[in-house]
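Report on one structure; see the data block that follows.
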Amino acid sequence: MFRSFRRCEASGTNSSMRRSDRMGWWRQLRWRIIAAQMLVVLVGVVTLIATADALAARTVDPEFLPVFESAVTQALVVAALAAALVGLGASMVLAREILRPLRQLAVSSQRIADGHYDERIAIPLSDELRDVAQSFNQMAEALAQVEQQRITLIGNVAHELRTPLAGLEGYLEGMLDGVLPGDPETISAMQHEVRRLRRLVDDLQHLSRVEAGQVTIQLQVFDIVALVERIVAQLRPQLIEQSLNIIVEAPDERIPAYADPDRTAQVLVNLIGNAIRYTPEDGCITLRVRSDTTHVQVAVEDTGIGIPAEALPYLFERFYRVDPSRSRASGGSGIGLTIARHLARAMGGDITAFSAGIGKGSVFTLTLPHSARPTTSTR
Ligand code: ADP
């Protein structure tokens, strides 16, 4: 019984598939447009016949009625044929105009799915299809950019890993060949390379979490001046060691920012850390804290090596370094500013960079919302 039920179900499925195969033409937009046009012609002709009959019966002399009806019928047949012909032609043109871009859209989507990210479609004339085509091309452009970033990222990561790994390999080979002694000095040099690898991996992990929006941001009101002073106190030993002066220029009263204090500290430590790294001995770092009604700003200004104008637009890109050998030697991975800007933006702020040129120092300005802004806007 069970088997017969299954057979019955299978044959039912087959018959419904056959029916849907037979009705396949009806699912095509072209035939639906043609059918709609023909329906309009048919309704027009039937209405005309009915109206003409009714009017003729009331207004035409019965003697002339047969002649009149035959003339009207002939006129209607000619008109119906002409309308059907024009309707058919117009529907074919219309269907082609709609279907061609749709078909191209399907082909191009498949090509993009196959990895051809440079695929674009021609822009059709009609407004609606033009919008669809433009959105499609924008989406393809965005996908191409993401793909390009992915390829660049893999290349950069491989490149960054190669340097410390090559260093470690060199030390190990030297020790195995007996060229290098396994003394604390060599082991400490190896440890330096391992630390560099660890920092890179940590930075990458942090960057991926920040970019994926997985970092918790706890917005609250806090005094940005107090935070800046606390960070300066923490970094003072390092500043003294490198013979750098630091000046904090801030108003006497508290400046309430609306952001995450821990993340703000992280961003500022990064900016001040860079200023320390790229400022030679006896240089000066100035931290200027300002505010207006909507924002608070901390500008980290140094008298260091400066940044060439052509490098400024790229500073916040992953792995970008103005002088790769110099920053790599000092342990820089070129990710710090990328993370810092992501964090600043996640808190509703931003970071900008300025330098008058090489040897003329740099200014990195962190902007965050003023506490007055969210309070008034939520009221
Ligand atoms: P890194 O870890 O290499 O310092 P960052 O993302 O923090 O990476 O900085 C990117 C690049 O921007 C640095 O390699 C350096 O070339 C440049 N840079 C950042 N801060 C300064 C600064 N205060 N003075 C000069 N150059 C800077």
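Ordering of the structure tokens sets the chain letters (A, B, ...), residue numbers begin anew at 1 in every chain, and ligands are numbered from 1 in the order given.
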
Please identify the residues whose atoms come within 6 Å of ligand 1, using only C-alpha atoms and all ligand atoms, and report them as an mmCIF file with all heavy atoms, in the first residue's frame.
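Below you can see result.cif, which holds the result:
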```
data_model
loop_
_atom_site.group_PDB
_atom_site.id
_atom_site.type_symbol
_atom_site.label_atom_id
_atom_site.label_comp_id
_atom_site.auth_asym_id
_atom_site.auth_seq_id
_atom_site.Cartn_x
_atom_site.Cartn_y
_atom_site.Cartn_z
ATOM 1 N N ASN A 274 53.474 57.005 18.206
ATOM 2 C CA ASN A 274 54.042 57.322 16.887
ATOM 3 C C ASN A 274 54.875 58.602 16.955
ATOM 4 O O ASN A 274 55.956 58.679 16.366
ATOM 5 C CB ASN A 274 52.916 57.525 15.858
ATOM 6 C CG ASN A 274 52.457 56.203 15.266
ATOM 7 O OD1 ASN A 274 53.082 55.176 15.489
ATOM 8 N ND2 ASN A 274 51.357 56.240 14.537
ATOM 9 N N ALA A 275 54.338 59.604 17.682
ATOM 10 C CA ALA A 275 55.076 60.871 17.794
ATOM 11 C C ALA A 275 56.437 60.619 18.446
ATOM 12 O O ALA A 275 57.461 61.158 18.018
ATOM 13 C CB ALA A 275 54.260 61.875 18.609
ATOM 14 N N TYR A 278 58.741 58.735 15.882
ATOM 15 C CA TYR A 278 59.218 59.462 14.701
ATOM 16 C C TYR A 278 59.751 60.862 15.030
ATOM 17 O O TYR A 278 59.833 61.712 14.158
ATOM 18 C CB TYR A 278 58.085 59.551 13.655
ATOM 19 C CG TYR A 278 57.668 58.180 13.200
ATOM 20 C CD1 TYR A 278 56.428 57.634 13.563
ATOM 21 C CD2 TYR A 278 58.524 57.401 12.433
ATOM 22 C CE1 TYR A 278 56.057 56.353 13.176
ATOM 23 C CE2 TYR A 278 58.164 56.124 12.036
ATOM 24 C CZ TYR A 278 56.932 55.600 12.413
ATOM 25 O OH TYR A 278 56.587 54.341 12.030
ATOM 26 N N GLY A 304 58.938 66.100 14.742
ATOM 27 C CA GLY A 304 59.705 64.966 14.207
ATOM 28 C C GLY A 304 59.988 65.029 12.720
ATOM 29 O O GLY A 304 60.028 66.113 12.117
ATOM 30 N N ILE A 305 60.115 63.827 12.134
ATOM 31 C CA ILE A 305 60.613 63.697 10.748
ATOM 32 C C ILE A 305 59.615 64.210 9.701
ATOM 33 O O ILE A 305 59.973 64.406 8.559
ATOM 34 C CB ILE A 305 60.986 62.230 10.423
ATOM 35 C CG1 ILE A 305 59.752 61.316 10.584
ATOM 36 C CG2 ILE A 305 62.123 61.746 11.309
ATOM 37 C CD1 ILE A 305 59.972 59.912 10.033
ATOM 38 N N GLY A 306 58.345 64.406 10.100
ATOM 39 C CA GLY A 306 57.342 64.923 9.167
ATOM 40 C C GLY A 306 56.908 63.880 8.149
ATOM 41 O O GLY A 306 57.446 62.766 8.099
ATOM 42 N N ILE A 307 55.931 64.268 7.329
ATOM 43 C CA ILE A 307 55.370 63.330 6.351
ATOM 44 C C ILE A 307 55.244 64.066 5.012
ATOM 45 O O ILE A 307 54.712 65.180 4.963
ATOM 46 C CB ILE A 307 53.963 62.851 6.816
ATOM 47 C CG1 ILE A 307 54.083 62.139 8.171
ATOM 48 C CG2 ILE A 307 53.305 61.931 5.788
ATOM 49 C CD1 ILE A 307 52.779 62.028 8.920
ATOM 50 N N LEU A 315 48.011 57.325 4.826
ATOM 51 C CA LEU A 315 48.496 56.982 6.166
ATOM 52 C C LEU A 315 47.603 56.003 6.913
ATOM 53 O O LEU A 315 48.073 55.197 7.698
ATOM 54 C CB LEU A 315 48.611 58.251 7.021
ATOM 55 C CG LEU A 315 49.784 59.171 6.717
ATOM 56 C CD1 LEU A 315 49.772 60.332 7.681
ATOM 57 C CD2 LEU A 315 51.100 58.420 6.823
ATOM 58 N N TYR A 320 50.349 50.619 5.398
ATOM 59 C CA TYR A 320 51.053 51.717 4.725
ATOM 60 C C TYR A 320 52.091 52.322 5.654
ATOM 61 O O TYR A 320 51.820 52.630 6.812
ATOM 62 C CB TYR A 320 50.077 52.810 4.260
ATOM 63 C CG TYR A 320 50.816 53.898 3.510
ATOM 64 C CD1 TYR A 320 51.134 53.738 2.177
ATOM 65 C CD2 TYR A 320 51.271 55.036 4.173
ATOM 66 C CE1 TYR A 320 51.866 54.692 1.491
ATOM 67 C CE2 TYR A 320 51.999 55.998 3.495
ATOM 68 C CZ TYR A 320 52.296 55.816 2.162
ATOM 69 O OH TYR A 320 53.026 56.766 1.505
ATOM 70 N N ARG A 321 53.299 52.464 5.149
ATOM 71 C CA ARG A 321 54.365 53.142 5.901
ATOM 72 C C ARG A 321 55.051 54.087 4.942
ATOM 73 O O ARG A 321 55.289 53.742 3.782
ATOM 74 C CB ARG A 321 55.404 52.143 6.387
ATOM 75 C CG ARG A 321 54.873 51.042 7.261
ATOM 76 C CD ARG A 321 56.072 50.188 7.567
ATOM 77 N NE ARG A 321 55.741 49.036 8.354
ATOM 78 C CZ ARG A 321 55.652 47.820 7.839
ATOM 79 N NH1 ARG A 321 55.812 47.630 6.554
ATOM 80 N NH2 ARG A 321 55.392 46.808 8.630
ATOM 81 N N VAL A 322 55.397 55.275 5.433
ATOM 82 C CA VAL A 322 56.069 56.237 4.554
ATOM 83 C C VAL A 322 57.448 55.681 4.198
ATOM 84 O O VAL A 322 57.851 55.663 3.042
ATOM 85 C CB VAL A 322 56.201 57.606 5.255
ATOM 86 C CG1 VAL A 322 56.930 58.586 4.348
ATOM 87 C CG2 VAL A 322 54.821 58.136 5.644
ATOM 88 N N ASP A 323 58.154 55.183 5.216
ATOM 89 C CA ASP A 323 59.486 54.621 4.987
ATOM 90 C C ASP A 323 59.480 53.208 5.575
ATOM 91 O O ASP A 323 59.754 53.021 6.761
ATOM 92 C CB ASP A 323 60.525 55.519 5.694
ATOM 93 C CG ASP A 323 61.939 54.973 5.528
ATOM 94 O OD1 ASP A 323 62.085 53.866 4.955
ATOM 95 O OD2 ASP A 323 62.878 55.652 5.976
ATOM 96 N N SER A 327 60.254 52.160 9.658
ATOM 97 C CA SER A 327 59.244 51.811 10.655
ATOM 98 C C SER A 327 59.272 50.331 10.997
ATOM 99 O O SER A 327 58.958 49.948 12.113
ATOM 100 C CB SER A 327 57.843 52.244 10.232
ATOM 101 O OG SER A 327 57.735 52.368 8.883
ATOM 102 N N GLY A 332 57.253 48.809 13.776
ATOM 103 C CA GLY A 332 55.932 49.233 13.277
ATOM 104 C C GLY A 332 55.401 48.291 12.221
ATOM 105 O O GLY A 332 56.142 47.805 11.375
ATOM 106 N N SER A 333 54.084 47.995 12.297
ATOM 107 C CA SER A 333 53.485 47.092 11.315
ATOM 108 C C SER A 333 52.670 47.864 10.283
ATOM 109 O O SER A 333 52.209 47.299 9.298
ATOM 110 C CB SER A 333 52.592 46.079 12.027
ATOM 111 O OG SER A 333 51.591 46.765 12.740
ATOM 112 N N GLY A 334 52.467 49.154 10.501
ATOM 113 C CA GLY A 334 51.679 49.952 9.562
ATOM 114 C C GLY A 334 50.187 49.714 9.726
ATOM 115 O O GLY A 334 49.396 50.030 8.826
ATOM 116 N N ILE A 335 49.770 49.155 10.849
ATOM 117 C CA ILE A 335 48.338 48.886 11.076
ATOM 118 C C ILE A 335 47.779 49.811 12.155
ATOM 119 O O ILE A 335 46.566 50.016 12.235
ATOM 120 C CB ILE A 335 48.114 47.412 11.512
ATOM 121 C CG1 ILE A 335 48.737 46.457 10.512
ATOM 122 C CG2 ILE A 335 46.625 47.093 11.617
ATOM 123 C CD1 ILE A 335 48.602 45.006 10.913
ATOM 124 N N GLY A 336 48.670 50.376 12.974
ATOM 125 C CA GLY A 336 48.223 51.160 14.138
ATOM 126 C C GLY A 336 47.232 52.260 13.794
ATOM 127 O O GLY A 336 46.175 52.377 14.437
ATOM 128 N N LEU A 337 47.554 53.057 12.769
ATOM 129 C CA LEU A 337 46.652 54.166 12.426
ATOM 130 C C LEU A 337 45.322 53.674 11.848
ATOM 131 O O LEU A 337 44.287 54.306 12.040
ATOM 132 C CB LEU A 337 47.336 55.116 11.432
ATOM 133 C CG LEU A 337 48.412 56.031 12.013
ATOM 134 C CD1 LEU A 337 49.047 56.890 10.920
ATOM 135 C CD2 LEU A 337 47.827 56.942 13.097
ATOM 136 N N THR A 338 45.366 52.537 11.135
ATOM 137 C CA THR A 338 44.123 51.964 10.584
ATOM 138 C C THR A 338 43.182 51.611 11.734
ATOM 139 O O THR A 338 41.989 51.949 11.714
ATOM 140 C CB THR A 338 44.424 50.681 9.761
ATOM 141 O OG1 THR A 338 45.564 50.904 8.975
ATOM 142 C CG2 THR A 338 43.249 50.280 8.905
ATOM 143 N N SER A 362 54.648 66.668 12.453
ATOM 144 C CA SER A 362 53.311 66.200 12.035
ATOM 145 C C SER A 362 52.283 66.539 13.103
ATOM 146 O O SER A 362 52.641 66.703 14.277
ATOM 147 C CB SER A 362 53.296 64.681 11.870
ATOM 148 O OG SER A 362 54.473 64.229 11.283
#
```

TODO: Give the alpha helix (DSSP H) residues of region 182-354 of chain A, as assigned by DSSP on the backbone, as number ranges by chain.
DONE: A: 184-211, 224-241, 261-277, 324-329, 336-346

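Reported to one decimal place, the separation of CA of Leu368 (chain A) from CA of Glu249 (chain A) is 17.4 Å.
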
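The shortest atom-to-atom distance to Val215 (chain A), with only C-alpha atoms taken into account, belongs to A:Asp260 out of A:Gln238, A:Arg30, A:Asp260, A:Ile187.
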
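Proximity to Gln234 (chain A) was assessed for A:Ile49, A:Ile285, A:Val269, A:Val210 counting only C-alpha atoms; the smallest distance is recorded for A:Val269.
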
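Relative to CA of Ile272 (chain A), CA of Gly167 (chain A) is found at 29.1 Å.
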